[in-house]
$ cat work.txt   # compact mmCIF, C-alpha atoms
# COMPACT_ATOMS: atom_id res chain seq x y z
CA MET A 225 117.44 76.40 98.55
CA ARG A 226 114.10 77.40 100.04
CA HIS A 227 114.70 75.25 103.12
CA ALA A 228 118.20 76.65 103.58
CA LEU A 229 116.92 80.21 103.27
CA TRP A 230 114.21 79.46 105.82
CA ILE A 231 116.83 78.27 108.33
CA ILE A 232 118.88 81.44 107.82
CA MET A 233 115.85 83.70 108.14
CA ALA A 234 114.59 81.86 111.19
CA ALA A 235 117.96 82.39 112.82
CA ALA A 236 117.77 86.09 111.97
CA SER A 237 114.29 86.29 113.43
CA LEU A 238 115.33 84.53 116.63
CA SER A 239 118.17 87.01 116.98
CA SER A 240 115.65 89.83 116.64
CA ALA A 241 113.35 88.11 119.12
CA ALA A 242 116.08 87.97 121.72
CA THR A 243 116.70 91.68 121.26
CA ALA A 244 112.96 92.37 121.43
CA GLN A 245 112.81 91.02 124.96
CA THR A 246 115.23 93.61 126.34
CA GLY A 247 114.23 96.55 128.50
CA THR A 248 114.70 97.92 131.94
CA SER A 249 111.59 99.35 133.58
CA SER A 250 107.98 100.02 132.64
CA VAL A 251 107.54 102.79 135.21
CA PRO A 252 106.74 106.09 133.42
CA ALA A 253 109.25 108.83 134.15
CA ALA A 254 108.73 112.47 134.87
CA ALA A 255 109.02 114.95 132.04
CA PRO A 256 112.60 115.26 130.74
CA ALA A 257 114.29 118.53 131.55
CA SER A 258 116.09 118.65 128.21
CA SER A 259 116.09 116.82 124.89
CA SER A 260 119.28 115.02 125.92
CA GLU A 261 117.19 113.19 128.52
CA ILE A 262 114.58 111.90 126.07
CA ALA A 263 116.56 108.76 125.28
CA ALA A 264 116.99 107.97 128.98
CA THR A 265 113.24 108.41 129.54
CA ILE A 266 112.49 106.07 126.63
CA ALA A 267 114.91 103.49 128.06
CA ARG A 268 113.04 103.56 131.36
CA ASP A 269 109.77 103.01 129.49
CA MET A 270 111.12 100.16 127.35
CA ASP A 271 109.64 97.21 129.25
CA GLY A 272 106.16 98.63 128.92
CA MET A 273 106.67 99.48 125.27
CA MET A 274 107.91 96.00 124.44
CA ALA A 275 104.98 94.41 126.23
CA LEU A 276 102.66 96.51 124.06
CA TYR A 277 104.66 95.66 120.94
CA ARG A 278 104.49 91.90 121.60
CA ASP A 279 100.75 92.13 122.20
CA LEU A 280 100.18 94.05 118.97
CA HIS A 281 102.40 91.68 117.03
CA ALA A 282 100.62 88.59 118.33
CA ASN A 283 97.15 90.03 117.61
CA PRO A 284 97.16 91.65 114.15
CA GLU A 285 93.99 92.60 112.32
CA LEU A 286 93.45 92.96 108.59
CA SER A 287 92.68 96.25 106.83
CA GLU A 288 89.28 97.67 107.86
CA GLN A 289 89.03 95.05 110.62
CA GLU A 290 91.24 96.88 113.17
CA SER A 291 88.49 97.43 115.75
CA ALA A 292 90.17 95.69 118.71
CA THR A 293 93.53 97.33 117.98
CA ALA A 294 91.92 100.76 117.72
CA ALA A 295 89.98 100.34 120.96
CA LYS A 296 93.05 99.11 122.83
CA LEU A 297 95.15 102.09 121.80
CA ALA A 298 92.31 104.60 122.21
CA ARG A 299 92.15 103.62 125.89
CA ARG A 300 95.83 104.45 126.29
CA LEU A 301 95.39 107.84 124.63
CA LYS A 302 92.44 108.67 126.88
CA ALA A 303 94.55 107.79 129.92
CA LEU A 304 97.09 110.36 128.69
CA LYS A 305 94.34 113.02 128.75
CA PHE A 306 93.89 113.35 124.99
CA THR A 307 90.41 114.10 123.69
CA VAL A 308 89.77 110.91 121.72
CA THR A 309 87.30 110.27 118.90
CA GLU A 310 86.92 106.72 117.61
CA LYS A 311 85.43 105.27 114.42
CA VAL A 312 86.75 108.03 112.16
CA GLY A 313 86.84 106.74 108.58
CA GLY A 314 86.02 103.25 109.79
CA ASN A 315 88.32 102.19 112.60
CA GLY A 316 90.40 105.37 112.72
CA VAL A 317 91.20 107.11 116.00
CA VAL A 318 91.82 110.85 116.39
CA ALA A 319 93.38 112.08 119.64
CA VAL A 320 93.63 115.84 120.19
CA MET A 321 95.61 117.71 122.84
CA LYS A 322 95.37 121.50 122.84
CA ASN A 323 98.13 123.38 124.62
CA GLY A 324 97.69 127.04 123.76
CA ASP A 325 98.04 128.90 120.49
CA GLY A 326 100.53 127.67 117.93
CA PRO A 327 101.03 125.18 115.09
CA VAL A 328 98.81 122.13 114.65
CA LEU A 329 100.89 118.98 114.34
CA LEU A 330 99.41 115.76 112.95
CA ILE A 331 101.29 112.55 113.86
CA ARG A 332 100.12 109.34 112.19
CA ALA A 333 100.57 105.62 112.76
CA ASP A 334 98.92 102.86 110.72
CA MET A 335 97.27 99.85 112.35
CA ASP A 336 96.52 97.09 109.84
CA GLY A 337 98.27 93.77 109.33
CA LEU A 338 98.65 91.64 106.20
CA PRO A 339 97.22 88.30 104.99
CA VAL A 340 100.58 86.56 105.52
CA THR A 341 101.46 83.35 107.37
CA GLU A 342 104.17 84.27 109.86
CA GLU A 343 107.41 82.25 109.71
CA THR A 344 109.64 84.25 112.06
CA ARG A 345 109.56 81.74 114.95
CA LEU A 346 109.27 84.64 117.37
CA PRO A 347 107.93 83.42 120.72
CA PHE A 348 105.06 85.88 120.30
CA ALA A 349 104.47 85.15 116.59
CA SER A 350 100.95 85.67 115.30
CA LYS A 351 98.68 82.65 115.19
CA VAL A 352 95.69 84.71 114.11
CA ARG A 353 93.51 83.31 111.37
CA THR A 354 90.50 85.14 109.99
CA LYS A 355 88.53 85.85 106.82
CA THR A 356 89.13 88.64 104.34
CA ALA A 357 86.31 90.94 103.29
CA GLY A 358 85.87 88.58 100.33
CA GLY A 359 85.37 85.58 102.61
CA VAL A 360 88.78 83.96 102.02
CA GLU A 361 90.35 82.36 105.11
CA THR A 362 93.86 83.61 105.79
CA ASP A 363 96.53 83.90 108.41
CA VAL A 364 97.40 87.43 109.54
CA MET A 365 100.79 88.98 110.36
CA HIS A 366 102.28 92.38 111.03
CA ALA A 367 104.71 91.77 108.17
CA CYS A 368 105.12 95.50 107.44
CA GLY A 369 106.05 96.65 110.94
CA HIS A 370 102.90 98.57 111.77
CA ASP A 371 103.17 97.12 115.28
CA THR A 372 106.42 99.09 115.74
CA HIS A 373 104.70 102.19 114.32
CA MET A 374 101.85 101.99 116.83
CA THR A 375 104.14 101.35 119.79
CA ALA A 376 106.38 104.31 118.97
CA PHE A 377 103.26 106.42 118.42
CA ILE A 378 102.01 105.65 121.94
CA GLU A 379 105.42 106.40 123.47
CA THR A 380 105.59 109.69 121.56
CA ALA A 381 102.12 110.58 122.86
CA ARG A 382 103.23 109.72 126.40
CA LEU A 383 106.37 111.83 126.15
CA LEU A 384 104.67 114.88 124.66
CA SER A 385 101.75 114.75 127.08
CA SER A 386 104.26 114.83 129.98
CA MET A 387 106.19 117.75 128.46
CA GLN A 388 103.47 120.35 127.91
CA ASP A 389 105.62 123.00 129.57
CA ARG A 390 108.02 122.68 126.61
CA TRP A 391 105.68 123.05 123.65
CA ARG A 392 102.77 125.17 122.52
CA GLY A 393 100.09 124.43 119.95
CA THR A 394 97.84 121.46 119.16
CA LEU A 395 98.65 117.78 118.74
CA VAL A 396 96.38 115.76 116.45
CA MET A 397 97.54 112.16 116.77
CA ILE A 398 95.80 109.73 114.45
CA LEU A 399 95.71 105.96 114.26
CA GLN A 400 94.88 105.12 110.67
CA PRO A 401 93.17 101.98 109.36
CA ALA A 402 93.51 100.35 105.95
CA GLU A 403 96.94 101.62 104.88
CA GLU A 404 97.78 98.30 103.23
CA VAL A 405 94.85 98.64 100.82
CA GLY A 406 95.48 102.35 100.22
CA ARG A 407 92.11 103.51 101.55
CA GLY A 408 92.65 104.52 105.15
CA ALA A 409 93.89 108.08 104.71
CA ARG A 410 91.18 108.84 102.16
CA LEU A 411 88.47 107.41 104.42
CA MET A 412 89.61 109.53 107.38
CA LEU A 413 89.80 112.67 105.24
CA GLU A 414 86.34 112.01 103.82
CA ASP A 415 85.02 111.56 107.36
CA GLY A 416 86.07 115.09 108.25
CA LEU A 417 89.64 114.78 109.51
CA TYR A 418 90.38 118.35 108.39
CA THR A 419 86.96 119.80 109.27
CA ARG A 420 85.82 118.03 112.45
CA PHE A 421 89.26 118.33 114.04
CA PRO A 422 91.98 121.02 114.04
CA ARG A 423 93.46 121.36 110.56
CA PRO A 424 97.18 120.52 110.60
CA THR A 425 99.93 122.90 109.65
CA HIS A 426 102.49 120.06 109.90
CA ALA A 427 102.34 116.26 109.52
CA LEU A 428 104.81 113.56 110.60
CA ALA A 429 105.04 109.80 110.18
CA PHE A 430 107.74 107.13 109.99
CA HIS A 431 108.05 103.65 108.51
CA ASP A 432 110.33 100.86 109.59
CA ALA A 433 112.87 99.83 106.93
CA ALA A 434 114.13 96.39 105.95
CA ASN A 435 117.21 97.75 104.16
CA LEU A 436 118.68 99.97 106.90
CA GLU A 437 120.54 98.92 110.03
CA ALA A 438 118.44 99.04 113.18
CA GLY A 439 118.29 102.55 114.60
CA VAL A 440 119.49 104.32 111.44
CA ILE A 441 117.14 107.06 110.22
CA GLY A 442 116.65 107.58 106.50
CA TYR A 443 115.08 110.66 104.93
CA THR A 444 114.27 111.66 101.35
CA PRO A 445 113.55 115.24 100.23
CA GLY A 446 110.92 115.41 97.48
CA TYR A 447 109.21 112.22 96.33
CA ALA A 448 109.82 109.56 98.98
CA LEU A 449 107.32 106.90 97.88
CA ALA A 450 105.48 106.25 94.66
CA ASN A 451 102.04 106.43 93.09
CA VAL A 452 100.71 102.87 93.03
CA ASP A 453 98.07 101.79 90.51
CA SER A 454 96.56 98.38 89.87
CA VAL A 455 95.53 97.85 86.25
CA ASP A 456 93.62 94.87 84.81
CA ILE A 457 93.70 93.97 81.12
CA VAL A 458 91.17 91.48 79.77
CA VAL A 459 92.52 90.29 76.42
CA ARG A 460 89.65 88.98 74.29
CA GLY A 461 90.05 86.62 71.39
CA THR A 462 88.14 83.81 69.71
CA GLY A 463 88.45 80.36 71.23
CA GLY A 464 88.95 77.13 69.35
CA HIS A 465 90.72 73.79 69.11
CA GLY A 466 94.46 73.84 69.67
CA ALA A 467 94.91 71.64 66.59
CA TYR A 468 93.26 74.24 64.34
CA PRO A 469 94.70 77.61 65.46
CA GLN A 470 93.78 79.19 62.13
CA THR A 471 90.13 79.14 63.22
CA ALA A 472 90.80 81.14 66.38
CA LYS A 473 92.18 84.46 67.57
CA ASP A 474 94.53 83.34 70.35
CA PRO A 475 94.37 85.70 73.38
CA ILE A 476 97.41 84.01 74.95
CA VAL A 477 99.67 84.94 72.04
CA LEU A 478 98.15 88.42 71.96
CA GLY A 479 98.61 88.74 75.72
CA ALA A 480 102.26 87.75 75.39
CA ARG A 481 102.76 90.43 72.75
CA ILE A 482 101.17 93.00 75.05
CA VAL A 483 103.45 91.95 77.93
CA GLY A 484 106.51 92.40 75.74
CA ALA A 485 105.42 95.75 74.32
CA LEU A 486 104.58 97.12 77.75
CA GLN A 487 108.26 96.97 78.63
CA THR A 488 108.93 99.78 76.16
CA LEU A 489 106.80 102.19 78.18
CA VAL A 490 109.66 102.52 80.65
CA SER A 491 112.67 101.51 78.55
CA ARG A 492 111.88 103.62 75.47
CA GLU A 493 109.20 106.19 76.32
CA GLN A 494 110.07 107.27 79.85
CA ASP A 495 112.75 109.81 80.76
CA PRO A 496 115.48 107.72 82.45
CA LEU A 497 115.73 110.40 85.15
CA ASP A 498 112.02 110.00 85.99
CA PRO A 499 111.70 106.46 87.39
CA ALA A 500 108.66 104.31 86.65
CA VAL A 501 107.67 100.65 86.89
CA VAL A 502 105.18 98.60 84.87
CA THR A 503 105.08 95.02 86.13
CA VAL A 504 102.76 92.26 84.96
CA GLY A 505 102.20 90.28 88.11
CA SER A 506 99.68 87.77 86.80
CA PHE A 507 98.84 86.24 83.40
CA VAL A 508 95.94 83.79 83.53
CA ALA A 509 94.31 82.04 80.59
CA GLY A 510 92.90 78.70 79.53
CA ALA A 511 92.11 75.45 81.32
CA LYS A 512 93.22 72.63 78.99
CA HIS A 513 96.17 71.71 76.80
CA ASN A 514 94.30 71.61 73.49
CA ILE A 515 91.83 74.46 73.86
CA ILE A 516 92.52 78.03 72.79
CA PRO A 517 90.55 80.13 75.27
CA ASP A 518 88.35 83.13 74.57
CA GLU A 519 90.13 85.37 77.08
CA ALA A 520 93.33 86.00 78.99
CA LYS A 521 93.66 88.28 81.99
CA LEU A 522 96.71 90.35 82.91
CA LEU A 523 97.15 92.04 86.30
CA LEU A 524 99.60 94.94 86.44
CA THR A 525 101.16 97.11 89.11
CA VAL A 526 102.15 100.56 87.83
CA ARG A 527 104.48 102.83 89.83
CA SER A 528 105.35 106.47 89.22
CA TYR A 529 106.02 109.70 91.11
CA SER A 530 104.33 112.63 89.36
CA ASP A 531 100.67 112.77 88.32
CA GLU A 532 101.81 113.53 84.76
CA THR A 533 103.91 110.36 84.54
CA ARG A 534 101.12 108.31 86.09
CA GLU A 535 98.65 109.51 83.45
CA LYS A 536 101.16 108.92 80.65
CA LEU A 537 101.77 105.32 81.74
CA ILE A 538 98.08 104.48 82.01
CA ARG A 539 97.31 105.97 78.60
CA GLY A 540 100.32 104.07 77.21
CA ILE A 541 98.98 100.77 78.54
CA GLU A 542 95.65 101.42 76.85
CA ARG A 543 97.36 102.35 73.56
CA ILE A 544 99.65 99.33 73.48
CA ALA A 545 96.88 96.85 74.34
CA ARG A 546 94.62 98.22 71.62
CA GLY A 547 97.43 98.52 69.09
CA GLU A 548 98.58 94.93 69.53
CA ALA A 549 95.00 93.73 69.26
CA ILE A 550 94.54 95.61 65.99
CA ALA A 551 97.80 94.14 64.68
CA ALA A 552 96.52 90.65 65.56
CA GLY A 553 93.33 91.23 63.57
CA VAL A 554 90.99 91.33 66.55
CA PRO A 555 87.66 92.97 65.57
CA ASP A 556 86.59 96.24 67.19
CA ASP A 557 83.96 94.57 69.34
CA ARG A 558 86.65 92.30 70.89
CA MET A 559 89.24 94.94 71.77
CA PRO A 560 91.01 94.46 75.15
CA VAL A 561 89.22 95.87 78.19
CA ILE A 562 91.49 97.94 80.45
CA SER A 563 90.34 98.88 83.93
CA VAL A 564 92.22 101.04 86.41
CA LYS A 565 91.20 100.38 89.99
CA ASP A 566 89.43 103.35 91.55
CA GLU A 567 91.66 103.11 94.63
CA PHE A 568 95.23 104.14 94.00
CA THR A 569 97.92 105.12 96.45
CA PRO A 570 99.28 108.60 95.67
CA ALA A 571 102.97 109.36 95.95
CA ALA A 572 104.27 110.52 99.32
CA TYR A 573 106.05 113.85 98.88
CA ASN A 574 108.30 115.54 101.42
CA PRO A 575 108.52 119.28 100.62
CA PRO A 576 112.31 119.55 100.23
CA ALA A 577 112.94 122.61 102.40
CA PHE A 578 110.97 121.13 105.29
CA ALA A 579 112.52 117.68 104.82
CA ASN A 580 116.02 119.15 104.96
CA GLN A 581 115.09 121.19 108.04
CA MET A 582 113.81 118.07 109.83
CA ALA A 583 116.87 116.08 108.73
CA ALA A 584 119.19 118.77 110.06
CA LEU A 585 117.47 118.59 113.45
CA LEU A 586 117.81 114.82 113.57
CA THR A 587 121.44 114.96 112.43
CA THR A 588 122.23 117.42 115.22
CA HIS A 589 120.41 115.35 117.83
CA PHE A 590 121.64 111.83 117.00
CA PRO A 591 125.27 110.60 116.86
CA GLU A 592 127.15 110.77 113.59
CA GLY A 593 126.06 108.15 111.07
CA ARG A 594 122.59 107.64 112.55
CA VAL A 595 120.86 109.89 109.98
CA VAL A 596 121.35 109.30 106.24
CA GLU A 597 119.73 110.49 103.05
CA ALA A 598 117.83 107.60 101.45
CA LYS A 599 116.90 107.00 97.84
CA PRO A 600 113.23 107.35 96.86
CA SER A 601 111.25 104.11 97.04
CA MET A 602 108.85 102.62 94.51
CA GLY A 603 106.82 101.31 97.42
CA GLY A 604 103.47 102.89 98.25
CA GLU A 605 102.29 104.64 101.44
CA ASP A 606 99.01 106.54 101.66
CA PHE A 607 100.43 109.03 104.18
CA GLY A 608 100.93 111.13 101.03
CA ARG A 609 97.19 111.85 100.95
CA TYR A 610 97.37 114.15 103.96
CA TYR A 611 99.73 116.51 102.11
CA ARG A 612 97.90 116.03 98.83
CA ALA A 613 94.64 117.19 100.47
CA ASP A 614 96.28 120.47 101.56
CA LYS A 615 99.66 121.34 100.06
CA SER A 616 100.19 124.16 102.54
CA ILE A 617 101.01 121.46 105.12
CA ASN A 618 104.67 120.83 105.94
CA SER A 619 104.73 117.04 105.65
CA PHE A 620 107.56 114.62 106.44
CA ILE A 621 107.74 110.83 106.43
CA PHE A 622 111.03 109.14 107.25
CA TRP A 623 112.46 105.64 107.65
CA VAL A 624 113.81 103.91 110.73
CA GLY A 625 116.00 100.88 110.03
CA GLY A 626 115.10 97.55 111.61
CA VAL A 627 117.83 95.14 110.44
CA PRO A 628 119.98 93.82 113.32
CA PRO A 629 123.65 94.83 112.78
CA ASP A 630 124.92 91.23 112.63
CA GLN A 631 122.37 90.36 109.94
CA MET A 632 123.26 93.48 107.96
CA ALA A 633 126.93 92.48 108.09
CA LYS A 634 126.16 88.94 106.90
CA ALA A 635 124.04 90.27 104.07
CA ALA A 636 126.85 92.61 103.01
CA ALA A 637 129.20 89.62 102.98
CA GLY A 638 126.79 87.64 100.81
CA GLN A 639 126.08 85.12 103.56
CA LEU A 640 122.31 85.64 103.61
CA THR A 641 119.51 87.47 101.86
CA LEU A 642 117.60 89.90 104.03
CA PRO A 643 113.80 89.56 104.12
CA SER A 644 111.84 92.50 102.77
CA LEU A 645 108.82 94.25 104.17
CA HIS A 646 105.76 92.00 103.67
CA SER A 647 107.96 88.90 103.99
CA PRO A 648 106.75 86.16 106.38
CA PHE A 649 110.30 86.28 107.81
CA TRP A 650 110.41 90.03 108.54
CA ALA A 651 111.19 90.52 112.24
CA PRO A 652 112.77 93.93 112.85
CA GLN A 653 114.93 94.66 115.89
CA ALA A 654 111.83 96.10 117.45
CA ASP A 655 113.28 97.75 120.53
CA LYS A 656 115.73 99.75 118.43
CA VAL A 657 113.08 100.78 115.90
CA ILE A 658 110.64 101.85 118.60
CA ALA A 659 113.19 103.71 120.72
CA THR A 660 114.69 105.54 117.73
CA ALA A 661 111.33 106.47 116.23
CA SER A 662 109.93 107.67 119.57
CA GLU A 663 112.96 109.85 120.15
CA ALA A 664 112.99 111.22 116.60
CA MET A 665 109.27 112.00 116.63
CA THR A 666 109.52 113.74 119.98
CA VAL A 667 112.52 115.84 118.95
CA LEU A 668 110.80 116.93 115.73
CA ALA A 669 107.50 117.65 117.50
CA LEU A 670 109.22 119.82 120.15
CA ASN A 671 110.87 121.82 117.40
CA ILE A 672 107.67 122.30 115.38
CA LEU A 673 105.69 123.22 118.51
CA GLU A 674 108.49 125.20 120.13
CA ARG A 675 107.41 127.70 122.77

$ encode --input "work.txt" --output "structure tokens"
Amino acid sequence: MRHALWIIMAAASLSSAATAQTGTSSVPAAAPASSSEIAATIARDMDGMMALYRDLHANPELSEQESATAAKLARRLKALKFTVTEKVGGNGVVAVMKNGDGPVLLIRADMDGLPVTEETRLPFASKVRTKTAGGVETDVMHACGHDTHMTAFIETARLLSSMQDRWRGTLVMILQPAEEVGRGARLMLEDGLYTRFPRPTHALAFHDAANLEAGVIGYTPGYALANVDSVDIVVRGTGGHGAYPQTAKDPIVLGARIVGALQTLVSREQDPLDPAVVTVGSFVAGAKHNIIPDEAKLLLTVRSYSDETREKLIRGIERIARGEAIAAGVPDDRMPVISVKDEFTPAAYNPPAFANQMAALLTTHFPEGRVVEAKPSMGGEDFGRYYRADKSINSFIFWVGGVPPDQMAKAAAGQLTLPSLHSPFWAPQADKVIATASEAMTVLALNILER
């Protein structure tokens, strides 16, 4: 089965690769006279964009290691006459263009890749191998589409810089590091993003989507992406010989009870109309058949939308772990140890009125069927921190589909399973993602910064 799936996914990736090579001319065009000409301008720029995309895809860098990527893109922004500051919050880049009085629009793209071994068979597939911050050797891949994000970001910057007669205000375009580990937005904010640079009145970002047809735009008013917490539970018992379990307090049995009881947090304690996820992703204990270990370790991912639900779930995990340990007769000094990682990814929230306004603009601009309302995702995206840091900001993150139409049709017919984001097989129809996102970002920016 795994080999058969690999063949199908490789075929899908090769189809995407063929599409990714398309384009007409890399010669930059003059400023469009009207928004109807934006798509034509993007088409003329496509060769250059795809060359950049292939370079970014082939040379990914892990979170907080994005120095070469940042420098490469900073040079492009400087050439477009932005005032560029590098090394903001680590490897972050802030590019400012002031064009009179008016709103301050922040546009963000994320730069980091993932520790994934690429299996797309793209001709420009990543062969990068490096070490994580912890010293572990790993392959690296843009398995989440950040290479499409950066390419569309640069094209949007190029378009808006050439159209200054059509907008008024300030552009603050940021290239963010460390999105995949949930730290990048926080690090940039802590390094003075809202104090050293113009404070935004509006913020825009997009993410490629592995469940929408290439070129389809998805939007979600309200909560679009979830709070993401990582929780560790160390279950402590008393070790012993497997032949004499009565002499021990078995942390594996206790851990299994905790895993089962945790399911009731969502199924029996959570409002069904307020989605949440508690998943035990790892359960590690013991080293030999006939030894009851002293400890077991559970690793959880916890997803929610509101801060209230997040707090309720975390307190529930603590209560269940302790309660099951008491029921198992574990003494007070051997109660489970629960630790919530300091770094969590807050939910991304689109203020509904602004989201609907942006969606209406996109619906008017693009042909019928290209803009759809999407369900909220339980995935995480730290773009939400920019709004969370100042809730007066009109913030909007949207999706741009990357699945080639033929692959979407086959998936609908049950002939293949589509790869998800973070899959080693994920190869979006890059030219369609980049062109659509560049056009959408430019249309929205011109409206926000309208003269």

$ closest_residue --input "work.txt" --among "A:Ala472, A:Ala402, A:Val360, A:Leu449" --to "Ala598 of chain A" --atoms "only C-alpha atoms"
A:Leu449

$ atom_distance --input "work.txt" --atom1 "atom CA of Lys512 of chain A" --atom2 "atom CA of Asp456 of chain A"
23.0 Å

$ residues_around --input "work.txt" --residues "Leu330 of chain A" --least-positions-apart "5" --cutoff "10 Å" --atoms "only C-alpha atoms" --output "number ranges by chain"
A: 318-320, 394-398, 422-429, 610, 617, 619, 669

$ atom_distance --input "work.txt" --atom1 "atom CA of Ala433 of chain A" --atom2 "atom CA of Gly626 of chain A"
5.7 Å

$ residues_near_point --input "work.txt" --point "(101.2, 105.1, 86.4)" --cutoff "12 Å" --atoms "all atoms listed in the file" --output "PyMOL selection string"
chain A and resi 450-455+489-490+494+498-503+524-542+564-565+568-571+602

$ residues_near_point --input "work.txt" --point "(98.2, 102.5, 101.7)" --cutoff "7 Å" --atoms "all atoms listed in the file" --output "ChimeraX atom specification"
/A:402-408,569,604-606

$ closest_residue --input "work.txt" --among "A:Ala637, A:Ala434, A:Leu413, A:Met273" --to "Met374 of chain A" --atoms "only C-alpha atoms"
A:Met273

$ residues_around --input "work.txt" --residues "Asp325 of chain A" --least-positions-apart "2" --cutoff "7 Å" --atoms "only C-alpha atoms" --output "PyMOL selection string"
chain A and resi 323+392-393

$ residues_around --input "work.txt" --residues "Asn315 of chain A" --least-positions-apart "6" --cutoff "7 Å" --atoms "all atoms listed in the file" --output "ChimeraX atom specification"
/A:288,290-291,294,401

$ write_last_selection --input "work.txt" --atoms "C-alpha atoms" --output "PDB file, in the coordinates of the input"
ATOM      1  CA  GLU A 288      89.280  97.670 107.860  1.00  0.00           C
ATOM      2  CA  GLU A 290      91.240  96.880 113.170  1.00  0.00           C
ATOM      3  CA  SER A 291      88.490  97.430 115.750  1.00  0.00           C
ATOM      4  CA  ALA A 294      91.920 100.760 117.720  1.00  0.00           C
ATOM      5  CA  PRO A 401      93.170 101.980 109.360  1.00  0.00           C
TER       6      PRO A 401
END

$ atom_distance --input "work.txt" --atom1 "atom CA of Gln388 of chain A" --atom2 "atom CA of Thr588 of chain A"
22.8 Å

$ closest_residue --input "work.txt" --among "A:Val627, A:Ala295, A:Leu399, A:Ala549" --to "Gly316 of chain A" --atoms "all atoms listed in the file"
A:Leu399

$ build_atoms --input "work.txt" --residues "segment 416-421 of chain A" --atoms "all heavy atoms" --output "JSON list (two decimals), in the frame of the given file"
[["chain", "number", "residue", "atom", "x", "y", "z"],
["A", 416, "GLY", "N", 85.95, 113.80, 107.60],
["A", 416, "GLY", "CA", 86.07, 115.09, 108.25],
["A", 416, "GLY", "C", 87.32, 115.31, 109.07],
["A", 416, "GLY", "O", 87.34, 116.14, 109.98],
["A", 417, "LEU", "N", 88.41, 114.61, 108.74],
["A", 417, "LEU", "CA", 89.64, 114.78, 109.51],
["A", 417, "LEU", "C", 90.08, 116.23, 109.56],
["A", 417, "LEU", "O", 90.55, 116.72, 110.60],
["A", 417, "LEU", "CB", 90.76, 113.90, 108.92],
["A", 417, "LEU", "CG", 92.11, 113.97, 109.64],
["A", 417, "LEU", "CD1", 91.98, 113.47, 111.08],
["A", 417, "LEU", "CD2", 93.17, 113.18, 108.88],
["A", 418, "TYR", "N", 89.93, 116.96, 108.44],
["A", 418, "TYR", "CA", 90.38, 118.35, 108.39],
["A", 418, "TYR", "C", 89.28, 119.36, 108.70],
["A", 418, "TYR", "O", 89.54, 120.57, 108.69],
["A", 418, "TYR", "CB", 90.96, 118.65, 107.00],
["A", 418, "TYR", "CG", 92.33, 118.06, 106.74],
["A", 418, "TYR", "CD1", 92.99, 117.29, 107.69],
["A", 418, "TYR", "CD2", 92.98, 118.28, 105.53],
["A", 418, "TYR", "CE1", 94.23, 116.73, 107.44],
["A", 418, "TYR", "CE2", 94.24, 117.74, 105.27],
["A", 418, "TYR", "CZ", 94.84, 116.96, 106.23],
["A", 418, "TYR", "OH", 96.09, 116.42, 105.98],
["A", 419, "THR", "N", 88.05, 118.88, 108.97],
["A", 419, "THR", "CA", 86.96, 119.80, 109.27],
["A", 419, "THR", "C", 86.40, 119.57, 110.68],
["A", 419, "THR", "O", 86.06, 120.52, 111.38],
["A", 419, "THR", "CB", 85.83, 119.65, 108.24],
["A", 419, "THR", "OG1", 85.41, 118.27, 108.18],
["A", 419, "THR", "CG2", 86.29, 120.10, 106.86],
["A", 420, "ARG", "N", 86.32, 118.35, 111.10],
["A", 420, "ARG", "CA", 85.82, 118.03, 112.45],
["A", 420, "ARG", "C", 86.88, 118.24, 113.53],
["A", 420, "ARG", "O", 86.56, 118.38, 114.70],
["A", 420, "ARG", "CB", 85.33, 116.58, 112.50],
["A", 420, "ARG", "CG", 84.13, 116.28, 111.64],
["A", 420, "ARG", "CD", 83.90, 114.78, 111.51],
["A", 420, "ARG", "NE", 83.79, 114.13, 112.83],
["A", 420, "ARG", "CZ", 83.85, 112.82, 113.01],
["A", 420, "ARG", "NH1", 84.05, 112.02, 111.97],
["A", 420, "ARG", "NH2", 83.72, 112.30, 114.22],
["A", 421, "PHE", "N", 88.15, 118.23, 113.10],
["A", 421, "PHE", "CA", 89.26, 118.33, 114.04],
["A", 421, "PHE", "C", 90.18, 119.46, 113.58],
["A", 421, "PHE", "O", 90.09, 119.92, 112.44],
["A", 421, "PHE", "CB", 90.02, 117.00, 114.09],
["A", 421, "PHE", "CG", 89.13, 115.81, 114.35],
["A", 421, "PHE", "CD1", 88.68, 115.02, 113.31],
["A", 421, "PHE", "CD2", 88.73, 115.52, 115.64],
["A", 421, "PHE", "CE1", 87.84, 113.94, 113.55],
["A", 421, "PHE", "CE2", 87.89, 114.44, 115.89],
["A", 421, "PHE", "CZ", 87.44, 113.65, 114.84]]
